[in-house]
Amino acid sequence: MFLFLPVALGGYYLLGRVRLHWAALWLCVASFVFYGWWNPRFVVLLAASILFNHAVSRYVLQQSDMPRRQGWTVAFGVACNLALLFYYKYFVTLLGALQAWGLSSDRPDSILLPLGISFFTFTQIGYLLDCRAGLVQSPSLLKHTLFVTFFPHLIAGPVLHHKEMMPQFAEPETYRFRADNLSIGGTLFVIGLAKKVLLADGIAPYADAGFVAPAELQFWGAWSTSLAYAMQLYFDFSGYSDMALGLAKMFGVRFPLNFNSPYKANCIIDFWARWHMTLTRYLTAYLYYPLAMQVSRWRNRRGLPVGSAGSRTPSGFALMIALPTLYTMGLAGVWHGAGLQFAIYGLLHGVYLCVNHGWRVAFAKRIAPRHAWLQWCWSRACVLLTFVAVMAAFAFFRASNVHEAMALLRAMAGLQGVETMQWPQQELLELGGLQDWRLLVGRHLLAIQLAFLLAVVWLAPNSHQILGYFSPALARVQEANARWLRWRPNWAWLIAFLAVLWICLMHLHRESRFLYFQF
């Protein structure tokens, strides 16, 4: 952070004053250096992927007057990208399964997974599909390379769309130094760093300990483990997203918003509109909508109702909503990993979404409470139910296999026993000096941490709301309700964030890794 970032920023803005292409080339080189810092050999893989996809994209654009050939070319490019992804993420698992079934005698060796391979592969697949759709006008190898490799998003997203990035890279103002870019970007970077280092890493040991042997957990231990992991994953991934948005802003570039307080969602549909938002829109645009449109055209040719009228019939709901949803979420689950537990995670969310859509179609308007206090209670109950459903699905997302995930869910249901709770009333009555208070806090540290983190995710504004009108995210402006929580470029906020940065740096001695780097 103290070596790479200043050099990258300095070279970028100095070259930007001379020639924009040189600044863009410098940023590409810096991004390759950033990616190769972990394992240099994968730089060749990334560069080869970019060159291949750029060549295919140019050929696709040249065949605009031959749609059939263009379609086959895109299919070839997408298949090659998927083959690369399959080899690194799923090949070893497939060999292991074949060996377990007695269909193969080869012993599978582990394959080192390149960082962010799912992200840069999906980005380029989307680019090829957009080329066929006529959304790409002037292909450029330099801009394509910069679009794919720009280091703030390269390893763990957000998943970017070329139409929101290419115009920024073509704008001369992007390459000109502005102090407010560093101020705003640095503030958002510190917020993300604090989420990761202070909150996610602080609760991670409890989640990791619980998932070591979930079959040995009982009721309260299972719920504590599940809550700890839900907090760890959110603060880890949203922290990285904030850091990515902050770093991009330092270079004069704006990214789309990736998290918008997902644990405040009042239904699963709302949750996926707030969680990993760029992945949600990618899956919707390239998986859900194409299948849903094909189904609608098929029904339309047969004179069957489509749209809202069709979705109110059992067959229409099954074909127009349930089928595309389960297809999309099943593939989303498999995208995260090769184990069966990831497929179950995706399909479980698909079932959640189908139930949610079905509720909206059949019951929502009939059962909606009318009085204000009932609406308030109903909304909070919906938030709680959604959160519990998300935690249940996270069991499959985090566990090593389906058996361990089911063991955690059984423990959460109380089927593996319930611990005797020892409430601290007597301890509170016997408290004397500071040492007694420290002992009490130490005994109940996990409960205190979880209560604090739940208060943050449910009651506090998110980073986008804190920055308000200064937020660099490509999203509608939102501001924190409390005026004192709205960031302003003044000395008070500067001192506060320098203090937070100093605290984060004091905790950087611990070895940690962003959870989504493995995807």
# chains A, B, ... in the order shown; residues from 1 in each chain; ligands from 1
$ select_by_dssp --residues "range 121-365 of chain A" --states "helix (DSSP H, G or I)" --output "MDAnalysis selection string"
chainID A and resid 121:132 141:149 151:154 162:170 172:175 179:212 214:216 219:250 262:264 268:272 277:301 307:311 314:336 340:362 364:365
$ closest_residue --among "A:Ser57, A:Asn266, A:Thr121, A:Ser471" --to "Gly71 in chain A" --atoms "only C-alpha atoms"
A:Ser57
$ residues_around --residues "Ser463 in chain A" --least-positions-apart "2" --cutoff "12 Å" --atoms "only C-alpha atoms" --output "JSON, numbers by chain"
{"A": [184, 185, 187, 188, 189, 190, 191, 192, 193, 194, 195, 235, 238, 239, 241, 242, 243, 245, 246, 257, 258, 259, 260, 261, 456, 457, 460, 461, 465, 466, 467, 468, 469, 470, 471, 472, 473, 477, 478, 479, 480, 485, 486, 487]}
$ residues_around --residues "Leu384 in chain A" --least-positions-apart "3" --cutoff "10 Å" --atoms "only C-alpha atoms" --output "PyMOL selection string"
chain A and resi 263-267+378-381+387-390
$ residues_around --residues "Trp26 in chain A" --least-positions-apart "4" --cutoff "7 Å" --atoms "only C-alpha atoms" --output "list of chain:residue names"
A:Tyr12, A:Trp22, A:Ala30
$ write_last_selection --atoms "N, CA, C and O atoms" --output "short mmCIF file (atom, residue, chain, number, x, y, z; two decimals), in the first residue's frame"
data_model
loop_
_atom_site.label_atom_id
_atom_site.label_comp_id
_atom_site.auth_asym_id
_atom_site.auth_seq_id
_atom_site.Cartn_x
_atom_site.Cartn_y
_atom_site.Cartn_z
N TYR A 12 0.83 7.56 -13.09
CA TYR A 12 -0.41 7.73 -13.84
C TYR A 12 -0.70 9.20 -14.12
O TYR A 12 -0.96 9.60 -15.27
N TRP A 22 -0.21 7.06 -22.80
CA TRP A 22 0.89 6.63 -21.93
C TRP A 22 0.39 6.37 -20.51
O TRP A 22 0.83 5.41 -19.87
N ALA A 30 0.99 -1.38 -14.38
CA ALA A 30 0.87 -1.42 -12.92
C ALA A 30 -0.11 -2.51 -12.48
O ALA A 30 0.12 -3.20 -11.48
#
$ atom_distance --atom1 "CA of Ala228 in chain A" --atom2 "CA of Ala200 in chain A"
9.0 Å
$ closest_residue --among "A:Leu474, A:Ala133, A:Ala309, A:Ala395" --to "Gly346 in chain A" --atoms "only C-alpha atoms"
A:Ala395
$ residues_around --residues "range 14-20 of chain A" --least-positions-apart "6" --cutoff "12 Å" --atoms "only C-alpha atoms" --output "PyMOL selection string"
chain A and resi 6-8+26-27+142-143+169-177+251-252
$ atom_distance --atom1 "CA of Phe151 in chain A" --atom2 "CA of Thr278 in chain A"
16.8 Å
$ residues_around --residues "Phe76 in chain A" --least-positions-apart "6" --cutoff "12 Å" --atoms "only C-alpha atoms" --output "mmCIF file with all heavy atoms, in the first residue's frame"
data_model
loop_
_atom_site.group_PDB
_atom_site.id
_atom_site.type_symbol
_atom_site.label_atom_id
_atom_site.label_comp_id
_atom_site.auth_asym_id
_atom_site.auth_seq_id
_atom_site.Cartn_x
_atom_site.Cartn_y
_atom_site.Cartn_z
ATOM 1 N N PHE A 52 -6.704 -13.312 -26.510
ATOM 2 C CA PHE A 52 -7.652 -14.206 -27.178
ATOM 3 C C PHE A 52 -9.030 -13.558 -27.303
ATOM 4 O O PHE A 52 -9.625 -13.536 -28.395
ATOM 5 C CB PHE A 52 -7.755 -15.523 -26.411
ATOM 6 C CG PHE A 52 -8.870 -16.414 -26.888
ATOM 7 C CD1 PHE A 52 -8.724 -17.179 -28.026
ATOM 8 C CD2 PHE A 52 -10.074 -16.467 -26.197
ATOM 9 C CE1 PHE A 52 -9.762 -17.988 -28.481
ATOM 10 C CE2 PHE A 52 -11.117 -17.269 -26.638
ATOM 11 C CZ PHE A 52 -10.953 -18.033 -27.793
ATOM 12 N N ASN A 53 -9.537 -13.027 -26.207
ATOM 13 C CA ASN A 53 -10.872 -12.439 -26.223
ATOM 14 C C ASN A 53 -10.933 -11.184 -27.078
ATOM 15 O O ASN A 53 -11.962 -10.923 -27.725
ATOM 16 C CB ASN A 53 -11.330 -12.139 -24.796
ATOM 17 C CG ASN A 53 -11.812 -13.380 -24.072
ATOM 18 O OD1 ASN A 53 -12.916 -13.862 -24.280
ATOM 19 N ND2 ASN A 53 -10.960 -13.916 -23.202
ATOM 20 N N VAL A 56 -11.114 -12.412 -30.687
ATOM 21 C CA VAL A 56 -12.456 -12.922 -30.975
ATOM 22 C C VAL A 56 -13.451 -11.773 -31.093
ATOM 23 O O VAL A 56 -14.311 -11.762 -31.993
ATOM 24 C CB VAL A 56 -12.901 -13.920 -29.880
ATOM 25 C CG1 VAL A 56 -14.374 -14.320 -30.071
ATOM 26 C CG2 VAL A 56 -12.024 -15.162 -29.900
ATOM 27 N N SER A 57 -13.339 -10.780 -30.222
ATOM 28 C CA SER A 57 -14.280 -9.658 -30.253
ATOM 29 C C SER A 57 -14.162 -8.871 -31.557
ATOM 30 O O SER A 57 -15.169 -8.448 -32.131
ATOM 31 C CB SER A 57 -14.055 -8.736 -29.052
ATOM 32 O OG SER A 57 -12.817 -8.038 -29.163
ATOM 33 N N TYR A 59 -13.203 -10.055 -34.449
ATOM 34 C CA TYR A 59 -13.782 -10.880 -35.513
ATOM 35 C C TYR A 59 -15.306 -10.854 -35.442
ATOM 36 O O TYR A 59 -15.977 -10.814 -36.475
ATOM 37 C CB TYR A 59 -13.261 -12.310 -35.396
ATOM 38 C CG TYR A 59 -13.651 -13.185 -36.561
ATOM 39 C CD1 TYR A 59 -13.005 -13.061 -37.791
ATOM 40 C CD2 TYR A 59 -14.661 -14.126 -36.441
ATOM 41 C CE1 TYR A 59 -13.359 -13.855 -38.876
ATOM 42 C CE2 TYR A 59 -15.028 -14.925 -37.512
ATOM 43 C CZ TYR A 59 -14.379 -14.783 -38.730
ATOM 44 O OH TYR A 59 -14.741 -15.568 -39.799
ATOM 45 N N VAL A 60 -15.835 -10.874 -34.221
ATOM 46 C CA VAL A 60 -17.293 -10.807 -34.052
ATOM 47 C C VAL A 60 -17.833 -9.508 -34.641
ATOM 48 O O VAL A 60 -18.852 -9.500 -35.355
ATOM 49 C CB VAL A 60 -17.672 -10.927 -32.558
ATOM 50 C CG1 VAL A 60 -19.146 -10.575 -32.343
ATOM 51 C CG2 VAL A 60 -17.396 -12.328 -32.054
ATOM 52 N N ARG A 69 -22.746 -16.687 -38.593
ATOM 53 C CA ARG A 69 -21.317 -16.876 -38.323
ATOM 54 C C ARG A 69 -20.903 -16.132 -37.053
ATOM 55 O O ARG A 69 -20.082 -16.615 -36.282
ATOM 56 C CB ARG A 69 -20.505 -16.387 -39.516
ATOM 57 C CG ARG A 69 -18.998 -16.551 -39.333
ATOM 58 C CD ARG A 69 -18.227 -16.030 -40.517
ATOM 59 N NE ARG A 69 -18.495 -16.833 -41.717
ATOM 60 C CZ ARG A 69 -17.895 -16.617 -42.896
ATOM 61 N NH1 ARG A 69 -17.005 -15.629 -43.015
ATOM 62 N NH2 ARG A 69 -18.192 -17.369 -43.939
ATOM 63 N N GLN A 70 -21.472 -14.959 -36.867
ATOM 64 C CA GLN A 70 -21.170 -14.180 -35.660
ATOM 65 C C GLN A 70 -21.572 -14.952 -34.405
ATOM 66 O O GLN A 70 -20.843 -14.993 -33.410
ATOM 67 C CB GLN A 70 -21.905 -12.839 -35.718
ATOM 68 C CG GLN A 70 -21.505 -11.861 -34.630
ATOM 69 C CD GLN A 70 -22.326 -10.590 -34.701
ATOM 70 O OE1 GLN A 70 -23.556 -10.638 -34.697
ATOM 71 N NE2 GLN A 70 -21.659 -9.444 -34.775
ATOM 72 N N LEU A 82 -15.126 -20.641 -20.785
ATOM 73 C CA LEU A 82 -15.684 -21.579 -19.817
ATOM 74 C C LEU A 82 -14.774 -22.797 -19.629
ATOM 75 O O LEU A 82 -14.675 -23.343 -18.528
ATOM 76 C CB LEU A 82 -17.082 -22.018 -20.245
ATOM 77 C CG LEU A 82 -18.161 -20.936 -20.209
ATOM 78 C CD1 LEU A 82 -19.490 -21.491 -20.717
ATOM 79 C CD2 LEU A 82 -18.332 -20.378 -18.798
ATOM 80 N N ALA A 83 -14.116 -23.230 -20.705
ATOM 81 C CA ALA A 83 -13.182 -24.353 -20.597
ATOM 82 C C ALA A 83 -12.015 -24.000 -19.684
ATOM 83 O O ALA A 83 -11.575 -24.825 -18.865
ATOM 84 C CB ALA A 83 -12.673 -24.741 -21.986
ATOM 85 N N ILE A 125 -16.503 -12.679 -20.977
ATOM 86 C CA ILE A 125 -17.661 -13.316 -21.599
ATOM 87 C C ILE A 125 -18.749 -12.274 -21.859
ATOM 88 O O ILE A 125 -19.359 -12.227 -22.933
ATOM 89 C CB ILE A 125 -18.198 -14.458 -20.718
ATOM 90 C CG1 ILE A 125 -17.229 -15.645 -20.735
ATOM 91 C CG2 ILE A 125 -19.578 -14.911 -21.194
ATOM 92 C CD1 ILE A 125 -17.619 -16.777 -19.807
ATOM 93 N N LEU A 128 -17.867 -10.208 -24.902
ATOM 94 C CA LEU A 128 -18.136 -10.878 -26.179
ATOM 95 C C LEU A 128 -19.624 -10.845 -26.516
ATOM 96 O O LEU A 128 -20.006 -10.601 -27.666
ATOM 97 C CB LEU A 128 -17.644 -12.325 -26.128
ATOM 98 C CG LEU A 128 -16.131 -12.546 -26.041
ATOM 99 C CD1 LEU A 128 -15.814 -14.039 -26.002
ATOM 100 C CD2 LEU A 128 -15.415 -11.883 -27.211
ATOM 101 N N LEU A 129 -20.457 -11.083 -25.519
ATOM 102 C CA LEU A 129 -21.900 -11.049 -25.753
ATOM 103 C C LEU A 129 -22.369 -9.649 -26.138
ATOM 104 O O LEU A 129 -23.260 -9.488 -26.984
ATOM 105 C CB LEU A 129 -22.639 -11.541 -24.507
ATOM 106 C CG LEU A 129 -22.416 -13.014 -24.142
ATOM 107 C CD1 LEU A 129 -23.065 -13.327 -22.789
ATOM 108 C CD2 LEU A 129 -22.971 -13.939 -25.219
#
$ closest_residue --among "A:Asn462, A:Phe211, A:Met320, A:Ser183" --to "Leu494 in chain A" --atoms "only C-alpha atoms"
A:Ser183
$ closest_residue --among "A:Thr149, A:Gln232, A:Asn356, A:Gln449" --to "Val29 in chain A" --atoms "only C-alpha atoms"
A:Thr149
